[in-house]
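Engineer: To be precise about what I am sending: the file is called target39.pdb and holds PDB, C-alpha atoms, pLDDT in the B column.
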MODEL        1
ATOM      1  CA  MET K   1       0.000   0.000   0.000  1.00 41.00           C
ATOM      2  CA  SER K   2       1.582   3.237  -1.056  1.00 40.00           C
ATOM      3  CA  GLN K   3      -0.502   5.342   1.300  1.00 47.00           C
ATOM      4  CA  LEU K   4      -2.813   4.698   4.214  1.00 55.00           C
ATOM      5  CA  ASP K   5      -6.449   4.335   3.279  1.00 71.00           C
ATOM      6  CA  VAL K   6      -9.094   4.693   5.970  1.00 76.00           C
ATOM      7  CA  LYS K   7     -11.262   2.169   4.099  1.00 85.00           C
ATOM      8  CA  PHE K   8      -8.540  -0.440   4.667  1.00 90.00           C
ATOM      9  CA  PHE K   9      -8.925  -0.178   8.463  1.00 93.00           C
ATOM     10  CA  LYS K  10     -12.738  -0.168   8.624  1.00 94.00           C
ATOM     11  CA  PRO K  11     -13.124  -3.970   8.279  1.00 96.00           C
ATOM     12  CA  PHE K  12     -10.787  -4.425  11.272  1.00 96.00           C
ATOM     13  CA  VAL K  13     -12.849  -1.965  13.315  1.00 96.00           C
ATOM     14  CA  ASP K  14     -16.138  -3.610  12.318  1.00 96.00           C
ATOM     15  CA  GLY K  15     -14.718  -7.093  12.904  1.00 96.00           C
ATOM     16  CA  THR K  16     -13.499  -6.156  16.389  1.00 97.00           C
ATOM     17  CA  ILE K  17     -16.785  -4.561  17.437  1.00 97.00           C
ATOM     18  CA  ASN K  18     -18.815  -7.514  16.115  1.00 96.00           C
ATOM     19  CA  THR K  19     -16.502 -10.138  17.617  1.00 96.00           C
ATOM     20  CA  LEU K  20     -16.574  -8.582  21.083  1.00 96.00           C
ATOM     21  CA  LYS K  21     -20.346  -8.213  20.940  1.00 96.00           C
ATOM     22  CA  ILE K  22     -21.076 -11.739  19.692  1.00 95.00           C
ATOM     23  CA  GLN K  23     -18.332 -13.717  21.464  1.00 94.00           C
ATOM     24  CA  CYS K  24     -18.056 -11.778  24.741  1.00 94.00           C
ATOM     25  CA  SER K  25     -21.315  -9.833  25.121  1.00 93.00           C
ATOM     26  CA  LEU K  26     -19.247  -6.636  25.320  1.00 94.00           C
ATOM     27  CA  GLU K  27     -20.114  -3.390  23.594  1.00 95.00           C
ATOM     28  CA  ALA K  28     -16.936  -1.880  22.194  1.00 95.00           C
ATOM     29  CA  LYS K  29     -16.538   1.737  21.161  1.00 96.00           C
ATOM     30  CA  HIS K  30     -13.884   2.538  18.606  1.00 95.00           C
ATOM     31  CA  ASP K  31     -11.751   5.527  19.561  1.00 92.00           C
ATOM     32  CA  LYS K  32      -9.795   7.709  17.143  1.00 92.00           C
ATOM     33  CA  PRO K  33      -6.908   5.843  15.462  1.00 93.00           C
ATOM     34  CA  PHE K  34      -3.392   7.214  15.757  1.00 92.00           C
ATOM     35  CA  VAL K  35       0.134   6.482  14.593  1.00 90.00           C
ATOM     36  CA  LYS K  36       2.044   4.456  17.169  1.00 89.00           C
ATOM     37  CA  GLY K  37       4.383   6.669  19.146  1.00 85.00           C
ATOM     38  CA  GLN K  38       2.142   9.750  18.960  1.00 86.00           C
ATOM     39  CA  LYS K  39       0.243   8.783  22.083  1.00 85.00           C
ATOM     40  CA  GLU K  40       0.981   6.697  25.144  1.00 81.00           C
ATOM     41  CA  GLN K  41      -0.667   3.296  25.080  1.00 79.00           C
ATOM     42  CA  PRO K  42      -1.794   1.340  28.120  1.00 78.00           C
ATOM     43  CA  PRO K  43       0.415  -1.613  29.100  1.00 84.00           C
ATOM     44  CA  PHE K  44      -0.766  -5.078  28.156  1.00 93.00           C
ATOM     45  CA  GLU K  45       0.049  -8.636  29.138  1.00 94.00           C
ATOM     46  CA  ILE K  46      -1.205 -10.775  26.259  1.00 96.00           C
ATOM     47  CA  ALA K  47      -1.365 -10.296  22.503  1.00 95.00           C
ATOM     48  CA  GLY K  48      -2.296 -12.166  19.361  1.00 95.00           C
ATOM     49  CA  VAL K  49      -0.092 -11.537  16.320  1.00 93.00           C
ATOM     50  CA  ILE K  50      -0.713 -12.458  12.691  1.00 93.00           C
ATOM     51  CA  GLY K  51       1.257 -11.741   9.529  1.00 89.00           C
ATOM     52  CA  LEU K  52      -0.304  -9.992   6.535  1.00 88.00           C
ATOM     53  CA  THR K  53       0.656 -11.067   3.049  1.00 88.00           C
ATOM     54  CA  SER K  54      -0.846  -9.952  -0.241  1.00 88.00           C
ATOM     55  CA  SER K  55       0.391  -9.252  -3.747  1.00 85.00           C
ATOM     56  CA  ALA K  56       0.679  -5.527  -2.929  1.00 81.00           C
ATOM     57  CA  PHE K  57       1.996  -5.472   0.644  1.00 84.00           C
ATOM     58  CA  THR K  58       3.186  -7.352   3.699  1.00 87.00           C
ATOM     59  CA  GLY K  59       2.728  -6.487   7.345  1.00 88.00           C
ATOM     60  CA  SER K  60       1.287  -7.601  10.637  1.00 91.00           C
ATOM     61  CA  ILE K  61      -1.679  -7.171  12.928  1.00 93.00           C
ATOM     62  CA  THR K  62      -1.455  -7.353  16.702  1.00 94.00           C
ATOM     63  CA  ILE K  63      -4.364  -7.329  19.137  1.00 95.00           C
ATOM     64  CA  CYS K  64      -3.271  -6.285  22.625  1.00 95.00           C
ATOM     65  CA  PHE K  65      -5.084  -6.976  25.906  1.00 96.00           C
ATOM     66  CA  PRO K  66      -4.407  -5.877  29.465  1.00 95.00           C
ATOM     67  CA  GLU K  67      -4.746  -8.965  31.681  1.00 96.00           C
ATOM     68  CA  LYS K  68      -7.912  -7.819  33.496  1.00 95.00           C
ATOM     69  CA  VAL K  69      -9.670  -7.026  30.210  1.00 96.00           C
ATOM     70  CA  TYR K  70      -8.651 -10.328  28.643  1.00 97.00           C
ATOM     71  CA  LEU K  71      -9.846 -12.283  31.686  1.00 97.00           C
ATOM     72  CA  ALA K  72     -13.193 -10.452  31.635  1.00 96.00           C
ATOM     73  CA  MET K  73     -13.617 -11.189  27.929  1.00 95.00           C
ATOM     74  CA  MET K  74     -12.784 -14.877  28.355  1.00 96.00           C
ATOM     75  CA  SER K  75     -15.046 -15.124  31.420  1.00 96.00           C
ATOM     76  CA  ASN K  76     -17.934 -13.616  29.436  1.00 94.00           C
ATOM     77  CA  MET K  77     -17.271 -15.839  26.451  1.00 93.00           C
ATOM     78  CA  LEU K  78     -16.895 -19.125  28.340  1.00 95.00           C
ATOM     79  CA  GLY K  79     -19.423 -18.459  31.126  1.00 95.00           C
ATOM     80  CA  GLU K  80     -17.093 -18.982  34.065  1.00 95.00           C
ATOM     81  CA  THR K  81     -14.866 -16.685  36.106  1.00 96.00           C
ATOM     82  CA  PHE K  82     -11.134 -16.672  35.353  1.00 96.00           C
ATOM     83  CA  THR K  83      -8.546 -14.941  37.536  1.00 95.00           C
ATOM     84  CA  THR K  84      -5.353 -16.074  35.810  1.00 95.00           C
ATOM     85  CA  ILE K  85      -4.314 -16.497  32.209  1.00 95.00           C
ATOM     86  CA  THR K  86      -3.447 -20.175  31.881  1.00 93.00           C
ATOM     87  CA  LYS K  87      -1.772 -21.899  28.938  1.00 91.00           C
ATOM     88  CA  ASP K  88      -5.176 -23.206  27.803  1.00 90.00           C
ATOM     89  CA  LEU K  89      -6.836 -19.812  28.223  1.00 95.00           C
ATOM     90  CA  GLN K  90      -4.163 -17.903  26.286  1.00 95.00           C
ATOM     91  CA  ASP K  91      -5.271 -19.506  23.007  1.00 94.00           C
ATOM     92  CA  GLY K  92      -8.283 -17.194  23.098  1.00 94.00           C
ATOM     93  CA  ALA K  93      -6.061 -14.254  22.077  1.00 95.00           C
ATOM     94  CA  ALA K  94      -5.210 -16.022  18.831  1.00 94.00           C
ATOM     95  CA  GLU K  95      -8.849 -16.976  18.304  1.00 94.00           C
ATOM     96  CA  PHE K  96     -10.092 -13.389  18.784  1.00 95.00           C
ATOM     97  CA  LEU K  97      -7.543 -12.174  16.248  1.00 95.00           C
ATOM     98  CA  ASN K  98      -8.345 -15.029  13.873  1.00 95.00           C
ATOM     99  CA  ILE K  99     -12.049 -14.114  13.859  1.00 95.00           C
ATOM    100  CA  ILE K 100     -11.323 -10.397  13.363  1.00 96.00           C
ATOM    101  CA  PHE K 101      -8.724 -11.119  10.666  1.00 95.00           C
ATOM    102  CA  GLY K 102     -11.117 -13.510   8.904  1.00 95.00           C
ATOM    103  CA  HIS K 103     -13.804 -10.835   8.736  1.00 95.00           C
ATOM    104  CA  ALA K 104     -11.396  -8.156   7.508  1.00 94.00           C
ATOM    105  CA  LYS K 105      -9.747 -10.487   4.982  1.00 94.00           C
ATOM    106  CA  THR K 106     -13.113 -11.384   3.443  1.00 95.00           C
ATOM    107  CA  VAL K 107     -14.107  -7.729   3.052  1.00 94.00           C
ATOM    108  CA  LEU K 108     -10.695  -6.580   1.834  1.00 92.00           C
ATOM    109  CA  ASN K 109     -10.349  -9.427  -0.655  1.00 93.00           C
ATOM    110  CA  GLN K 110     -13.709  -8.417  -2.141  1.00 94.00           C
ATOM    111  CA  GLN K 111     -12.051  -5.026  -2.700  1.00 90.00           C
ATOM    112  CA  GLY K 112      -9.127  -6.651  -4.522  1.00 89.00           C
ATOM    113  CA  TYR K 113      -6.432  -6.842  -1.821  1.00 88.00           C
ATOM    114  CA  THR K 114      -5.738 -10.610  -2.213  1.00 90.00           C
ATOM    115  CA  ILE K 115      -4.741 -11.112   1.422  1.00 91.00           C
ATOM    116  CA  GLN K 116      -3.596 -14.657   2.090  1.00 90.00           C
ATOM    117  CA  LYS K 117      -4.444 -16.989   4.980  1.00 88.00           C
ATOM    118  CA  ALA K 118      -2.242 -16.772   8.072  1.00 89.00           C
ATOM    119  CA  ILE K 119      -1.947 -18.450  11.455  1.00 91.00           C
ATOM    120  CA  PRO K 120      -1.861 -16.252  14.582  1.00 92.00           C
ATOM    121  CA  THR K 121       0.529 -16.674  17.486  1.00 92.00           C
ATOM    122  CA  VAL K 122       0.213 -15.553  21.114  1.00 95.00           C
ATOM    123  CA  VAL K 123       2.680 -13.522  23.161  1.00 93.00           C
ATOM    124  CA  ARG K 124       2.448 -13.201  26.954  1.00 94.00           C
ATOM    125  CA  GLY K 125       4.417 -11.195  29.479  1.00 88.00           C
ATOM    126  CA  THR K 126       4.336  -8.214  31.803  1.00 89.00           C
ATOM    127  CA  ASN K 127       4.089  -4.683  30.381  1.00 83.00           C
ATOM    128  CA  LEU K 128       4.623  -5.906  26.837  1.00 78.00           C
ATOM    129  CA  GLN K 129       5.587  -3.521  24.084  1.00 76.00           C
ATOM    130  CA  THR K 130       5.384  -4.282  20.388  1.00 74.00           C
ATOM    131  CA  THR K 131       7.562  -3.327  17.483  1.00 68.00           C
ATOM    132  CA  GLN K 132       6.154  -4.088  14.068  1.00 63.00           C
ATOM    133  CA  LEU K 133       8.511  -5.127  11.309  1.00 61.00           C
ATOM    134  CA  GLY K 134       8.400  -2.970   8.222  1.00 64.00           C
ATOM    135  CA  ALA K 135       9.099   0.565   7.135  1.00 67.00           C
ATOM    136  CA  GLY K 136       5.493   1.755   7.190  1.00 76.00           C
ATOM    137  CA  PRO K 137       3.850   3.460  10.143  1.00 85.00           C
ATOM    138  CA  THR K 138       1.977   1.366  12.697  1.00 89.00           C
ATOM    139  CA  ILE K 139      -1.639   2.463  13.034  1.00 92.00           C
ATOM    140  CA  VAL K 140      -3.237   1.891  16.444  1.00 93.00           C
ATOM    141  CA  LEU K 141      -6.977   1.241  16.577  1.00 95.00           C
ATOM    142  CA  PRO K 142      -8.072   1.708  20.212  1.00 96.00           C
ATOM    143  CA  PHE K 143     -11.313   0.278  21.587  1.00 97.00           C
ATOM    144  CA  ALA K 144     -13.056   1.031  24.883  1.00 96.00           C
ATOM    145  CA  THR K 145     -15.222  -1.661  26.491  1.00 96.00           C
ATOM    146  CA  PRO K 146     -16.930  -1.852  29.887  1.00 96.00           C
ATOM    147  CA  ALA K 147     -14.080  -4.223  30.884  1.00 94.00           C
ATOM    148  CA  GLY K 148     -11.357  -1.744  29.820  1.00 95.00           C
ATOM    149  CA  GLU K 149      -9.344  -0.828  26.742  1.00 95.00           C
ATOM    150  CA  ILE K 150      -7.823  -3.022  24.063  1.00 96.00           C
ATOM    151  CA  HIS K 151      -6.073  -2.003  20.890  1.00 95.00           C
ATOM    152  CA  ILE K 152      -5.137  -3.355  17.506  1.00 95.00           C
ATOM    153  CA  GLU K 153      -1.910  -2.380  15.766  1.00 94.00           C
ATOM    154  CA  ILE K 154      -1.649  -2.660  11.981  1.00 93.00           C
ATOM    155  CA  CYS K 155       1.552  -2.127  10.037  1.00 89.00           C
ATOM    156  CA  THR K 156       1.893  -2.574   6.284  1.00 86.00           C
ATOM    157  CA  GLU K 157       4.693  -2.106   3.798  1.00 83.00           C
ATOM    158  CA  ALA K 158       4.401  -2.135   0.003  1.00 78.00           C
ATOM    159  CA  THR K 159       6.143  -5.030  -1.692  1.00 72.00           C
ATOM    160  CA  MET K 160       8.632  -4.386  -4.460  1.00 58.00           C
ATOM    161  CA  LYS K 161       7.363  -5.055  -7.976  1.00 52.00           C
TER     162      LYS K 161
ENDMDL
END
Can you dump the structure from the file as structure tokens?
Structural biologist:
Amino acid sequence: MSQLDVKFFKPFVDGTINTLKIQCSLEAKHDKPFVKGQKEQPPFEIAGVIGLTSSAFTGSITICFPEKVYLAMMSNMLGETFTTITKDLQDGAAEFLNIIFGHAKTVLNQQGYTIQKAIPTVVRGTNLQTTQLGAGPTIVLPFATPAGEIHIEICTEATMK
């Protein structure tokens, strides 16, 4: 992608709002996007990461959750109370991202982006920080929910032709 197009990010916003509503019974409000580094972001403890590949660009998407927000989402989704992120429970971060990515990929491919399938991975830790690979800017899509804030980071870089 030679320049950032707001229409490119909309399917990720819609996919996130719909996924949180359907899977977790949480209403999410999308806040104003910004370029990473322009604003301080809340710390997070778990993230799902997936690579983006298409004929026009490569990049990555990361969905970042503070622990308390992630536990509330998983508790809502699975109908029981969780107080710790276990190895079994951490897979939910990849699943959330997979659902959101699937929605966005379908919409974007209908617009001609030819985004390929990808498998997400999960990262856990304390006060994680992300660095996206690529020369393009990282766009942060913040979301507010009754459980707290989450955000999605998207970075793309045009491929050489």
Engineer: Find the residues near segment 107-110 of chain K: any atom within 12 Å, counting all atoms listed in the file, skip ones fewer than 5 places away on the same chain, and give them as a PyMOL selection string.
Structural biologist: chain K and resi 5+7-15+52-56+100-102+115-117
Engineer: If the PyMOL selection byres ((chain K and resi 86) around 12) is run on the structure shown, which residues does it catch, given as a list in words?
Structural biologist: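 Taken on the displayed file, the PyMOL selection byres ((chain K and resi 86) around 12) yields the residues Ile46, Glu67, Tyr70, Leu71, Met74, Phe82, Thr83, Thr84, Ile85, Lys87, Asp88, Leu89, Gln90, Asp91, Gly92, Ala93 and Arg124 of chain K.
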Engineer: Translate the PyMOL selection byres ((chain K and resi 149) around 8) into a concrete residue list for this structure, as a VMD selection string.
Structural biologist: chain K and resid 42 65 to 66 69 142 to 145 147 to 148 150 to 151
Engineer: Using only C-alpha atoms, which residue out of K:Gly79, K:Pro137, K:Gly125, K:Gly112 lies closest to Phe44 of chain K?
Structural biologist: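 Nearest to Phe44 of chain K: K:Gly125.
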Engineer: If you measure from atom CA of Pro33 of chain K to atom CA of Val140 of chain K, what distance in Å do you get, rounded to one decimal?
Structural biologist: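 Those two atoms sit 5.5 Å apart.
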Engineer: Can you translate the PyMOL selection byres ((chain K and resi 38) around 12) into the concrete residues it hits in this file, as a PDB file with C-alpha atoms, in the coordinates of the input?
Structural biologist:
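What landed in part-v6.pdb:
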ATOM      1  CA  PRO K  33      -6.908   5.843  15.462  1.00 93.00           C
ATOM      2  CA  PHE K  34      -3.392   7.214  15.757  1.00 92.00           C
ATOM      3  CA  VAL K  35       0.134   6.482  14.593  1.00 90.00           C
ATOM      4  CA  LYS K  36       2.044   4.456  17.169  1.00 89.00           C
ATOM      5  CA  GLY K  37       4.383   6.669  19.146  1.00 85.00           C
ATOM      6  CA  LYS K  39       0.243   8.783  22.083  1.00 85.00           C
ATOM      7  CA  GLU K  40       0.981   6.697  25.144  1.00 81.00           C
ATOM      8  CA  GLN K  41      -0.667   3.296  25.080  1.00 79.00           C
ATOM      9  CA  PRO K 137       3.850   3.460  10.143  1.00 85.00           C
ATOM     10  CA  THR K 138       1.977   1.366  12.697  1.00 89.00           C
ATOM     11  CA  ILE K 139      -1.639   2.463  13.034  1.00 92.00           C
ATOM     12  CA  VAL K 140      -3.237   1.891  16.444  1.00 93.00           C
TER      13      VAL K 140
END
Engineer: Between atom CA of Gly51 of chain K and atom CA of Pro146 of chain K, what is the distance in Å, rounded to a tenth?
Structural biologist: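 Going from atom CA of Gly51 of chain K over to atom CA of Pro146 of chain K, I get 29.0 Å.
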Engineer: Find, counting only C-alpha atoms, the residue in K:Ala94, K:Ile22, K:Ile99, K:Ala158 that gets nearest to Val49 of chain K.
Structural biologist: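 Under the stated criterion, the closest residue is K:Ala94.
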